[in-house]
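File shown: final.cif. Contents: mmCIF, C-alpha atoms.
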```cif
data_coords
loop_
_atom_site.label_atom_id
_atom_site.label_comp_id
_atom_site.auth_asym_id
_atom_site.auth_seq_id
_atom_site.Cartn_x
_atom_site.Cartn_y
_atom_site.Cartn_z
CA MET A 17 -14.49 0.30 13.65
CA VAL A 18 -12.84 -2.09 11.19
CA ARG A 19 -13.37 0.29 8.31
CA ILE A 20 -12.00 3.24 10.32
CA GLY A 21 -8.92 1.26 11.31
CA ALA A 22 -8.39 0.10 7.75
CA SER A 23 -8.66 3.64 6.44
CA ALA A 24 -6.15 4.91 9.00
CA SER A 25 -3.67 2.15 8.17
CA ILE A 26 -3.82 2.77 4.46
CA GLN A 27 -3.60 6.52 4.81
CA SER A 28 -0.54 6.13 7.04
CA CYS A 29 1.12 4.00 4.36
CA ILE A 30 0.33 6.58 1.69
CA VAL A 31 1.61 9.46 3.83
CA LEU A 32 4.94 7.64 4.21
CA LEU A 33 5.30 7.38 0.45
CA SER A 34 4.19 10.98 -0.02
CA PHE A 35 7.22 12.36 1.82
CA PHE A 36 9.55 10.54 -0.59
CA GLY A 37 7.77 11.80 -3.71
CA CYS A 38 4.57 13.70 -3.14
CA HIS A 39 3.70 14.33 -6.77
CA ALA A 40 4.28 10.67 -7.70
CA LEU A 41 1.67 9.48 -5.21
CA LEU A 42 -1.13 11.98 -5.57
CA PRO A 43 -4.37 10.85 -7.19
CA PRO A 44 -4.70 10.58 -10.96
CA PRO A 45 -6.41 13.08 -13.25
CA ASN A 46 -9.84 14.37 -12.32
CA THR A 47 -12.42 15.07 -14.94
CA LYS A 48 -14.15 18.26 -13.92
CA PRO A 49 -15.16 19.71 -17.28
CA ARG A 50 -15.45 23.26 -16.03
CA ARG A 51 -11.77 23.72 -15.14
CA THR A 52 -8.41 22.68 -16.45
CA SER A 53 -5.74 21.23 -14.19
CA SER A 54 -2.87 21.92 -16.58
CA LEU A 55 -0.13 23.98 -14.94
CA THR A 56 1.11 25.13 -18.32
CA SER A 57 -1.88 27.50 -18.55
CA LEU A 58 -1.40 29.01 -15.08
CA HIS A 59 0.24 32.42 -14.66
CA ASN A 60 0.71 34.59 -11.58
CA SER A 61 -1.31 37.38 -13.15
CA GLN A 62 -4.40 35.17 -13.17
CA PHE A 63 -4.60 34.99 -9.40
CA ASP A 64 -5.34 37.63 -6.81
CA SER A 65 -2.93 36.19 -4.28
CA LEU A 66 -0.22 33.60 -3.93
CA ASP A 67 -2.53 31.52 -1.76
CA ALA A 68 -5.00 31.28 -4.62
CA PHE A 69 -2.22 30.19 -6.94
CA ALA A 70 -1.11 27.53 -4.49
CA ASP A 71 -4.66 26.18 -4.32
CA GLU A 72 -4.92 26.02 -8.11
CA ALA A 73 -1.50 24.41 -8.44
CA SER A 74 -2.43 21.85 -5.80
CA GLU A 75 -5.53 20.95 -7.80
CA ALA A 76 -3.36 20.60 -10.89
CA ILE A 77 -1.12 18.15 -9.07
CA LEU A 78 -4.20 16.12 -8.25
CA GLY A 79 -4.58 15.95 -12.01
CA GLY A 80 -1.26 14.17 -12.35
CA GLN A 81 0.98 17.15 -13.13
CA ASP A 82 4.57 17.45 -11.91
CA LEU A 83 6.03 20.16 -9.68
CA ASP A 84 8.90 20.88 -12.06
CA ILE A 85 6.96 23.34 -14.23
CA LEU A 86 6.03 25.70 -11.41
CA PRO A 87 7.21 29.30 -11.86
CA ARG A 88 10.82 30.06 -11.06
CA GLY A 89 11.85 32.71 -8.61
CA GLY A 90 11.12 33.68 -5.05
CA ASP A 91 7.46 32.61 -5.15
CA ALA A 92 8.18 29.08 -6.33
CA ALA A 93 9.60 27.87 -3.03
CA PHE A 94 6.58 29.20 -1.16
CA VAL A 95 4.15 27.60 -3.60
CA LYS A 96 5.89 24.22 -3.37
CA SER A 97 5.93 24.39 0.42
CA LYS A 98 2.19 25.07 0.37
CA MET A 99 1.48 22.08 -1.84
CA ILE A 100 3.51 19.59 0.19
CA SER A 101 2.14 20.81 3.49
CA PRO A 102 0.45 18.22 5.70
CA GLN A 103 -2.95 19.76 4.95
CA HIS A 104 -2.57 19.39 1.18
CA ILE A 105 -1.17 15.88 1.50
CA ALA A 106 -4.05 14.86 3.77
CA ASN A 107 -6.61 16.33 1.37
CA SER A 108 -4.99 14.58 -1.58
CA ILE A 109 -5.05 11.26 0.26
CA LYS A 110 -8.71 11.66 1.20
CA ILE A 111 -9.65 12.44 -2.40
CA GLY A 112 -7.62 9.51 -3.73
CA VAL A 113 -9.11 7.06 -1.24
CA SER A 114 -12.67 8.24 -1.84
CA GLN A 115 -12.27 7.94 -5.62
CA ARG A 116 -10.95 4.39 -5.34
CA VAL A 117 -13.56 3.29 -2.81
CA ALA A 118 -16.26 4.70 -5.10
CA ALA A 119 -14.99 2.50 -7.94
CA ASP A 120 -14.36 -0.52 -5.70
CA PRO A 121 -16.10 -0.59 -2.28
CA ASN A 122 -13.63 -3.26 -1.12
CA PHE A 123 -10.56 -1.14 -1.89
CA LEU A 124 -9.58 -0.57 1.76
CA SER A 125 -9.80 -4.25 2.70
CA LYS A 126 -7.89 -5.16 -0.47
CA SER A 127 -5.24 -2.59 0.48
CA ILE A 128 -4.62 -4.24 3.84
CA LEU A 129 -4.60 -7.62 2.12
CA GLU A 130 -2.11 -6.36 -0.47
CA VAL A 131 0.37 -5.14 2.18
CA ILE A 132 0.20 -8.47 4.02
CA LEU A 133 0.50 -10.51 0.84
CA ALA A 134 3.33 -8.32 -0.44
CA ALA A 135 5.45 -9.30 2.55
CA THR A 136 4.45 -12.97 2.66
CA THR A 137 4.72 -13.65 -1.08
CA GLN A 138 8.09 -11.91 -1.24
CA TYR A 139 9.33 -14.11 1.60
CA MET A 140 7.97 -17.22 -0.09
CA ALA A 141 9.65 -16.20 -3.33
CA GLU A 142 12.91 -15.70 -1.43
CA LEU A 143 12.57 -19.24 -0.05
CA SER A 144 11.84 -20.61 -3.50
CA GLN A 145 14.80 -18.88 -5.09
CA ARG A 146 17.37 -19.33 -2.31
CA GLY A 147 16.25 -22.36 -0.32
CA TRP A 148 15.79 -22.76 3.45
CA ASP A 149 19.49 -23.18 4.09
CA ARG A 150 20.36 -19.84 2.42
CA ILE A 151 17.80 -17.55 4.07
CA ILE A 152 19.96 -16.67 7.10
CA PRO A 153 23.27 -16.32 5.18
CA GLU A 154 21.53 -14.09 2.63
CA ILE A 155 19.32 -12.27 5.13
CA ASP A 156 20.62 -8.91 3.85
CA PHE A 157 19.05 -9.54 0.46
CA VAL A 158 15.87 -11.00 1.97
CA PHE A 159 15.17 -8.06 4.28
CA ALA A 160 15.82 -5.48 1.56
CA GLY A 161 13.64 -7.39 -0.88
CA ILE A 162 10.68 -7.63 1.50
CA LEU A 163 10.82 -3.94 2.43
CA THR A 164 11.07 -2.90 -1.22
CA ALA A 165 8.23 -5.24 -2.20
CA VAL A 166 5.80 -3.88 0.39
CA ILE A 167 6.33 -0.27 -0.70
CA GLY A 168 6.51 -0.97 -4.43
CA LYS A 169 3.58 -3.37 -4.68
CA TYR A 170 1.20 -1.20 -2.72
CA PHE A 171 2.04 1.89 -4.74
CA SER A 172 1.51 -0.08 -7.96
CA MET A 173 -1.89 -1.17 -6.69
CA TRP A 174 -2.76 2.39 -5.68
CA ARG A 175 -1.66 4.05 -8.89
CA VAL A 176 -3.53 1.84 -11.38
CA ALA A 177 -6.65 1.20 -9.27
CA LYS A 178 -9.99 2.11 -10.81
CA THR A 179 -11.35 5.54 -9.81
CA ILE A 180 -14.69 7.32 -9.92
CA ASP A 181 -15.38 10.86 -8.70
CA THR A 182 -18.73 10.98 -6.89
CA SER A 183 -18.20 14.36 -5.23
CA GLU A 184 -20.94 16.99 -5.32
CA ASN A 185 -18.64 19.40 -7.15
CA ASN A 186 -18.17 16.99 -10.01
CA GLU A 187 -21.92 16.32 -10.27
CA ALA A 188 -22.66 20.03 -10.28
CA ALA A 189 -20.07 20.60 -12.97
CA ASP A 190 -21.62 17.90 -15.10
CA LYS A 191 -25.07 19.49 -14.84
CA GLU A 192 -23.88 23.03 -15.58
CA GLY A 193 -21.36 22.13 -18.24
CA GLY A 194 -23.46 19.74 -20.28
CA ASP A 195 -22.28 18.55 -23.65
CA ASN A 196 -20.98 21.98 -24.63
CA GLN A 197 -18.15 21.86 -22.10
CA LYS A 198 -15.13 19.97 -23.40
CA LYS A 199 -12.22 18.64 -21.39
CA ILE A 200 -9.16 20.79 -21.96
CA ASN A 201 -6.47 18.58 -20.48
CA TRP A 202 -5.92 15.42 -22.50
CA ARG A 203 -4.91 13.56 -19.33
CA GLU A 204 -8.48 13.89 -18.11
CA ASN A 205 -9.52 11.53 -20.90
CA VAL A 206 -7.13 8.81 -19.69
CA PRO A 207 -8.53 6.38 -17.08
CA THR A 208 -6.36 5.26 -14.19
CA ASN A 209 -6.99 1.65 -15.22
CA ALA A 210 -6.99 0.66 -18.87
CA PHE A 211 -9.95 -1.69 -18.41
CA GLN A 212 -12.32 0.36 -16.29
CA ARG A 213 -15.72 1.07 -17.84
CA THR A 214 -15.82 4.84 -17.40
CA LEU A 215 -13.57 7.80 -16.76
CA LEU A 216 -13.38 9.53 -13.41
CA ASP A 217 -16.75 11.22 -13.94
CA GLY A 218 -18.48 7.83 -13.91
CA HIS A 219 -20.26 8.48 -17.21
CA THR A 220 -17.82 8.95 -20.10
CA HIS A 221 -16.52 5.77 -21.71
CA PRO A 222 -12.77 5.75 -22.52
CA THR A 223 -11.69 5.48 -26.14
CA LEU A 224 -9.36 2.77 -27.38
CA SER A 225 -6.46 5.22 -27.60
CA SER A 226 -7.06 6.48 -24.04
CA ARG A 227 -7.05 2.89 -22.77
CA PHE A 228 -3.68 2.39 -24.43
CA LEU A 229 -2.41 5.60 -22.85
CA ALA A 230 -3.55 4.27 -19.46
CA PHE A 231 -0.60 1.89 -19.63
CA LEU A 232 1.85 4.67 -20.54
CA VAL A 233 0.75 7.57 -18.33
CA PRO A 234 1.55 5.92 -14.95
CA MET A 235 4.99 4.70 -16.08
CA PRO A 236 6.96 7.81 -14.97
CA GLN A 237 5.31 7.80 -11.55
CA LEU A 238 5.78 4.06 -11.15
CA PHE A 239 9.42 4.39 -12.17
CA ARG A 240 10.03 7.14 -9.61
CA ALA A 241 8.20 5.15 -6.94
CA GLY A 242 10.27 2.06 -7.75
CA VAL A 243 13.48 4.04 -7.46
CA MET A 244 12.39 5.46 -4.11
CA ALA A 245 11.13 2.13 -2.78
CA SER A 246 14.37 0.38 -3.67
CA THR A 247 16.46 3.24 -2.30
CA VAL A 248 14.61 2.99 1.01
CA GLY A 249 14.78 -0.82 1.09
CA TYR A 250 18.39 -1.32 0.09
CA GLY A 251 19.58 1.98 1.60
CA LEU A 252 18.19 1.04 5.01
CA THR A 253 19.68 -2.43 4.68
CA SER A 254 23.09 -0.95 3.88
CA ALA A 255 22.84 1.27 6.94
CA LEU A 256 21.97 -1.74 9.13
CA ILE A 257 24.88 -3.68 7.65
CA SER A 258 27.21 -0.81 8.54
CA LEU A 259 25.90 -0.83 12.12
CA ARG A 260 26.33 -4.58 12.29
CA THR A 261 29.92 -4.28 11.10
CA MET A 262 30.57 -1.58 13.69
CA PHE A 263 29.18 -3.48 16.68
CA LEU A 264 29.97 -7.02 15.48
CA PRO A 265 33.31 -6.75 13.69
CA SER A 266 33.82 -10.50 13.97
CA TYR A 267 30.72 -11.26 11.90
CA VAL A 268 31.58 -12.28 8.34
CA ALA A 269 28.80 -11.55 5.85
CA GLN A 270 28.28 -14.06 3.05
CA THR A 271 26.77 -11.46 0.71
CA SER A 272 28.41 -8.76 -1.38
CA PRO A 273 27.17 -5.17 -0.96
CA VAL A 274 24.37 -4.28 -3.37
CA SER A 275 24.75 -1.22 -5.58
CA VAL A 276 21.85 0.89 -4.37
CA PRO A 277 21.68 3.08 -7.54
CA LEU A 278 21.61 0.04 -9.84
CA ALA A 279 19.05 -1.75 -7.66
CA ALA A 280 16.91 1.40 -7.63
CA LEU A 281 17.11 1.70 -11.42
CA TYR A 282 16.16 -1.96 -11.85
CA THR A 283 13.20 -1.67 -9.46
CA GLY A 284 11.98 1.48 -11.20
CA VAL A 285 11.97 -0.18 -14.61
CA PHE A 286 10.39 -3.33 -13.14
CA MET A 287 7.51 -1.38 -11.60
CA ALA A 288 6.96 0.76 -14.70
CA PHE A 289 6.49 -2.30 -16.91
CA VAL A 290 5.95 -5.58 -15.04
CA SER A 291 4.03 -4.29 -12.00
CA ASN A 292 2.07 -1.87 -14.17
CA ILE A 293 0.78 -4.61 -16.46
CA ARG A 294 0.10 -7.09 -13.64
CA TYR A 295 -1.99 -4.73 -11.54
CA GLN A 296 -3.83 -3.28 -14.54
CA LEU A 297 -4.97 -6.78 -15.46
CA LEU A 298 -5.69 -7.82 -11.87
CA GLN A 299 -7.80 -4.80 -10.92
CA GLY A 300 -9.26 -4.07 -14.33
CA LEU A 301 -10.14 -7.54 -15.65
CA VAL A 302 -9.68 -10.40 -13.19
CA GLU A 303 -11.33 -8.98 -10.05
CA PRO A 304 -14.24 -7.31 -11.91
CA PHE A 305 -14.94 -10.65 -13.61
CA ILE A 306 -15.02 -12.36 -10.20
CA ASP A 307 -17.35 -9.65 -8.85
CA LEU A 308 -19.66 -10.00 -11.84
CA LEU A 309 -19.77 -13.79 -11.56
CA PHE A 310 -20.69 -13.81 -7.88
CA ASP A 311 -23.22 -11.00 -8.29
CA LYS A 312 -25.05 -13.17 -10.81
CA LEU A 313 -24.91 -16.14 -8.45
CA ALA A 314 -26.34 -13.96 -5.67
CA ARG A 315 -29.23 -12.86 -7.88
CA MET A 316 -29.93 -16.47 -8.78
CA GLY A 317 -30.30 -17.21 -5.08
CA GLU A 318 -33.14 -14.72 -4.70
CA ILE A 319 -35.60 -17.27 -6.07
CA ASP A 320 -35.20 -19.24 -2.82
CA GLY A 321 -36.75 -16.48 -0.76
CA ILE A 322 -35.18 -14.04 1.71
CA ALA A 323 -33.84 -16.62 4.19
CA GLY A 324 -32.38 -18.79 1.45
CA SER A 325 -30.82 -15.78 -0.30
CA VAL A 326 -29.12 -14.52 2.87
CA ALA A 327 -27.71 -17.93 3.74
CA ARG A 328 -26.52 -18.55 0.20
CA TRP A 329 -25.06 -15.07 -0.14
CA ARG A 330 -22.96 -15.60 2.98
CA ILE A 331 -21.53 -18.76 1.46
CA TRP A 332 -20.85 -17.10 -1.90
CA LYS A 333 -19.30 -14.10 -0.15
CA SER A 334 -16.87 -16.35 1.73
CA ILE A 335 -15.96 -18.22 -1.44
CA LYS A 336 -15.51 -14.93 -3.31
CA ALA A 337 -13.21 -13.55 -0.60
CA SER A 338 -11.14 -16.72 -0.70
CA ILE A 339 -10.77 -16.49 -4.47
CA ILE A 340 -9.73 -12.82 -4.26
CA VAL A 341 -7.09 -13.70 -1.67
CA GLY A 342 -5.84 -16.56 -3.85
CA VAL A 343 -5.67 -14.41 -6.98
CA ARG A 344 -3.79 -11.61 -5.23
CA TRP A 345 -1.50 -14.15 -3.57
CA GLY A 346 -0.64 -15.61 -6.96
CA ASN A 347 -0.10 -12.16 -8.46
CA GLY A 348 2.21 -11.13 -5.64
CA LEU A 349 4.16 -14.37 -5.71
CA LEU A 350 4.64 -14.12 -9.48
CA GLY A 351 5.87 -10.53 -9.21
CA SER A 352 8.31 -11.36 -6.41
CA TRP A 353 9.64 -14.43 -8.22
CA ILE A 354 10.29 -12.44 -11.41
CA ALA A 355 11.90 -9.58 -9.49
CA ILE A 356 14.31 -11.85 -7.58
CA ALA A 357 15.18 -13.84 -10.70
CA GLY A 358 15.95 -10.61 -12.53
CA MET A 359 18.14 -9.28 -9.74
CA ARG A 360 20.15 -12.49 -9.66
CA ALA A 361 20.37 -12.77 -13.44
CA LEU A 362 21.76 -9.23 -13.69
CA LYS A 363 24.27 -9.98 -10.89
CA LEU A 364 22.81 -7.29 -8.66
CA GLN A 365 22.73 -9.77 -5.78
CA LYS A 366 25.93 -11.75 -5.40
CA LEU A 367 27.50 -13.84 -2.67
CA ALA A 368 30.82 -12.82 -1.22
CA SER A 369 33.74 -14.45 -2.98
#
```

What is this structure when it is put down as structure tokens?
Amino acid sequence: MVRIGASASIQSCIVLLSFFGCHALLPPPNTKPRRTSSLTSLHNSQFDSLDAFADEASEAILGGQDLDILPRGGDAAFVKSKMISPQHIANSIKIGVSQRVAADPNFLSKSILEVILAATTQYMAELSQRGWDRIIPEIDFVFAGILTAVIGKYFSMWRVAKTIDTSENNEAADKEGGDNQKKINWRENVPTNAFQRTLLDGHTHPTLSSRFLAFLVPMPQLFRAGVMASTVGYGLTSALISLRTMFLPSYVAQTSPVSVPLAALYTGVFMAFVSNIRYQLLQGLVEPFIDLLFDKLARMGEIDGIAGSVARWRIWKSIKASIIVGVRWGNGLLGSWIAIAGMRALKLQKLAS
């Protein structure tokens, strides 16, 4: 029941982001060697019906492609509406979740933890930067910052999480294709995390150049997500401020209105660079090292017999969970502190004169 509830919560969060920018959220490139997911090679003449084209284009979007290069004309609107339909979004989410859980069985629990820590660490960073006595006077900035942090941090975690495709289709493609089948789309050779051991197929090891590209490929999507997250956070705050002014005209705000476009641009750049690097390191190096360390400790406990191993493993598992929480808490707090300091340094958040 816990796992089902966790899955539902995370999928709901992803669906919310999908409606703001579906193609920015969908799962990263797959590595099926039998087919290419590049939209540049797709033409209407290659498909028997528009439904078939929509299915192929949807698969291409799962490979990280954008919607902007779809064919122009009367069919384009129909194709786009097919790909952003609830059914396609739900399928994309299921694929993305399954790929991430395959690479990290604790991905769902870490997702819930990340959302909680995103809010709490942002609030703690707000306290650190502003002080207890300034939280209420600057509540406009605090609320917008927390809302933006929750959306932005979770998407950053999602986008650069390790992935492995364990589907039957991928296994069948591997057996039939063999070594003679080569990947056509270069994006299929780029892992979602620069430090993961294999590509999506679970077998091929990334090259040094593809690991470097793993930092660059998600930048456009992270930038767009940052812009959308900040627009939602600060846009909603601006709307609430307007309502407050309407119903409480006597209330005098101590903060100056934030430029939503500038805040969105700042958040987009911040996520593309700072969040990108932080979560790549966290999920690709730090957490795998912790997993490896505690797996070795668990194996060492086997010499004590079954009862001793079980008891010891429960202790190690609790310690491991505590360390993971502490590491993610520190990562979130660092990101929030840098983000707030940058906003204030660039004069994007100012008090009323």

Going by the chain IDs and residue numbers used in this file, which residues fall under the PyMOL selection byres ((chain A and resi 278) around 10)? Write them as a ChimeraX atom specification.
/A:243,246-247,274-277,279-284,359,364

Length of the CA of Ala255 in chain A to CA of Arg150 in chain A vector [Å]:
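The value is 21.7 Å.
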
Step by step, work through what the PyMOL selection byres ((chain A and resi 209) around 7) selects in the shown file, and finish by giving those residues as a ChimeraX atom specification.
/A:176-178,207-208,210-212,230,296,300

Hey, what's within 9 Å of Leu129 in chain A if we count all atoms listed in the file and toss same-chain stuff fewer than 5 positions away? As a short mmCIF file (atom, residue, chain, number, x, y, z; two decimals) with C-alpha atoms, in the frame of the given file, please?
```cif
data_model
loop_
_atom_site.label_atom_id
_atom_site.label_comp_id
_atom_site.auth_asym_id
_atom_site.auth_seq_id
_atom_site.Cartn_x
_atom_site.Cartn_y
_atom_site.Cartn_z
CA LEU A 124 -9.58 -0.57 1.76
CA ALA A 134 3.33 -8.32 -0.44
CA VAL A 341 -7.09 -13.70 -1.67
CA ARG A 344 -3.79 -11.61 -5.23
#
```

So which residues touch range 154-158 of chain A within 12 Å, counting all atoms listed in the file, skipping near sequence neighbours fewer than 4 positions away, as a ChimeraX atom specification?
/A:135-150,162-165,246,249-258,260,268-276,279,352,356,359-360,364-368

With C-alpha atoms retained, export the selected residues as a PDB file, in the coordinates of the input.
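So the final result, stored in selection.pdb, reads:
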```
ATOM      1  CA  ALA A 135       5.450  -9.300   2.550  1.00  0.00           C
ATOM      2  CA  THR A 136       4.450 -12.970   2.660  1.00  0.00           C
ATOM      3  CA  THR A 137       4.720 -13.650  -1.080  1.00  0.00           C
ATOM      4  CA  GLN A 138       8.090 -11.910  -1.240  1.00  0.00           C
ATOM      5  CA  TYR A 139       9.330 -14.110   1.600  1.00  0.00           C
ATOM      6  CA  MET A 140       7.970 -17.220  -0.090  1.00  0.00           C
ATOM      7  CA  ALA A 141       9.650 -16.200  -3.330  1.00  0.00           C
ATOM      8  CA  GLU A 142      12.910 -15.700  -1.430  1.00  0.00           C
ATOM      9  CA  LEU A 143      12.570 -19.240  -0.050  1.00  0.00           C
ATOM     10  CA  SER A 144      11.840 -20.610  -3.500  1.00  0.00           C
ATOM     11  CA  GLN A 145      14.800 -18.880  -5.090  1.00  0.00           C
ATOM     12  CA  ARG A 146      17.370 -19.330  -2.310  1.00  0.00           C
ATOM     13  CA  GLY A 147      16.250 -22.360  -0.320  1.00  0.00           C
ATOM     14  CA  TRP A 148      15.790 -22.760   3.450  1.00  0.00           C
ATOM     15  CA  ASP A 149      19.490 -23.180   4.090  1.00  0.00           C
ATOM     16  CA  ARG A 150      20.360 -19.840   2.420  1.00  0.00           C
ATOM     17  CA  ILE A 162      10.680  -7.630   1.500  1.00  0.00           C
ATOM     18  CA  LEU A 163      10.820  -3.940   2.430  1.00  0.00           C
ATOM     19  CA  THR A 164      11.070  -2.900  -1.220  1.00  0.00           C
ATOM     20  CA  ALA A 165       8.230  -5.240  -2.200  1.00  0.00           C
ATOM     21  CA  SER A 246      14.370   0.380  -3.670  1.00  0.00           C
ATOM     22  CA  GLY A 249      14.780  -0.820   1.090  1.00  0.00           C
ATOM     23  CA  TYR A 250      18.390  -1.320   0.090  1.00  0.00           C
ATOM     24  CA  GLY A 251      19.580   1.980   1.600  1.00  0.00           C
ATOM     25  CA  LEU A 252      18.190   1.040   5.010  1.00  0.00           C
ATOM     26  CA  THR A 253      19.680  -2.430   4.680  1.00  0.00           C
ATOM     27  CA  SER A 254      23.090  -0.950   3.880  1.00  0.00           C
ATOM     28  CA  ALA A 255      22.840   1.270   6.940  1.00  0.00           C
ATOM     29  CA  LEU A 256      21.970  -1.740   9.130  1.00  0.00           C
ATOM     30  CA  ILE A 257      24.880  -3.680   7.650  1.00  0.00           C
ATOM     31  CA  SER A 258      27.210  -0.810   8.540  1.00  0.00           C
ATOM     32  CA  ARG A 260      26.330  -4.580  12.290  1.00  0.00           C
ATOM     33  CA  VAL A 268      31.580 -12.280   8.340  1.00  0.00           C
ATOM     34  CA  ALA A 269      28.800 -11.550   5.850  1.00  0.00           C
ATOM     35  CA  GLN A 270      28.280 -14.060   3.050  1.00  0.00           C
ATOM     36  CA  THR A 271      26.770 -11.460   0.710  1.00  0.00           C
ATOM     37  CA  SER A 272      28.410  -8.760  -1.380  1.00  0.00           C
ATOM     38  CA  PRO A 273      27.170  -5.170  -0.960  1.00  0.00           C
ATOM     39  CA  VAL A 274      24.370  -4.280  -3.370  1.00  0.00           C
ATOM     40  CA  SER A 275      24.750  -1.220  -5.580  1.00  0.00           C
ATOM     41  CA  VAL A 276      21.850   0.890  -4.370  1.00  0.00           C
ATOM     42  CA  ALA A 279      19.050  -1.750  -7.660  1.00  0.00           C
ATOM     43  CA  SER A 352       8.310 -11.360  -6.410  1.00  0.00           C
ATOM     44  CA  ILE A 356      14.310 -11.850  -7.580  1.00  0.00           C
ATOM     45  CA  MET A 359      18.140  -9.280  -9.740  1.00  0.00           C
ATOM     46  CA  ARG A 360      20.150 -12.490  -9.660  1.00  0.00           C
ATOM     47  CA  LEU A 364      22.810  -7.290  -8.660  1.00  0.00           C
ATOM     48  CA  GLN A 365      22.730  -9.770  -5.780  1.00  0.00           C
ATOM     49  CA  LYS A 366      25.930 -11.750  -5.400  1.00  0.00           C
ATOM     50  CA  LEU A 367      27.500 -13.840  -2.670  1.00  0.00           C
ATOM     51  CA  ALA A 368      30.820 -12.820  -1.220  1.00  0.00           C
TER      52      ALA A 368
END
```

Reference answer for the PyMOL selection byres ((chain A and resi 115) around 6), as a list in words
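Expected selection for the PyMOL selection byres ((chain A and resi 115) around 6) here is Gly112, Val113, Ser114, Arg116, Val117, Ala118, Thr179, Ile180 and Asp181 of chain A.
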
Rounded to one decimal place, report the CA of Gly218 in chain A-CA of Ala337 in chain A distance in Å.
25.7 Å

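Comparing A:Ile293, A:Leu350, A:Leu216, A:Val285 by their smallest distance to Ala119 in chain A, the closest is A:Leu216 (using only C-alpha atoms).
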
Which residues, written as a PyMOL selection string, have at least one atom at most 9 Å from Leu229 in chain A, with only C-alpha atoms counted and residues fewer than 4 positions away on the same chain left out?
chain A and resi 206-207+210+224-225+233-234

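With CA of Asn347 in chain A on one side and CA of Arg203 in chain A on the other, the separation reads 28.3 Å.
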
Of A:Val131, A:Trp353, A:Arg213, A:Phe286, the one sitting nearest Leu301 in chain A when using only C-alpha atoms is A:Arg213

Hey, which of A:Met235, A:Leu133, A:Gln103, A:Ala241 ends up closest to Gly342 in chain A? Count only C-alpha atoms.
A:Leu133

From A:His221, A:Phe231, A:Ile111, A:Tyr170, residue lying nearest Thr182 in chain A [only C-alpha atoms]
A:Ile111
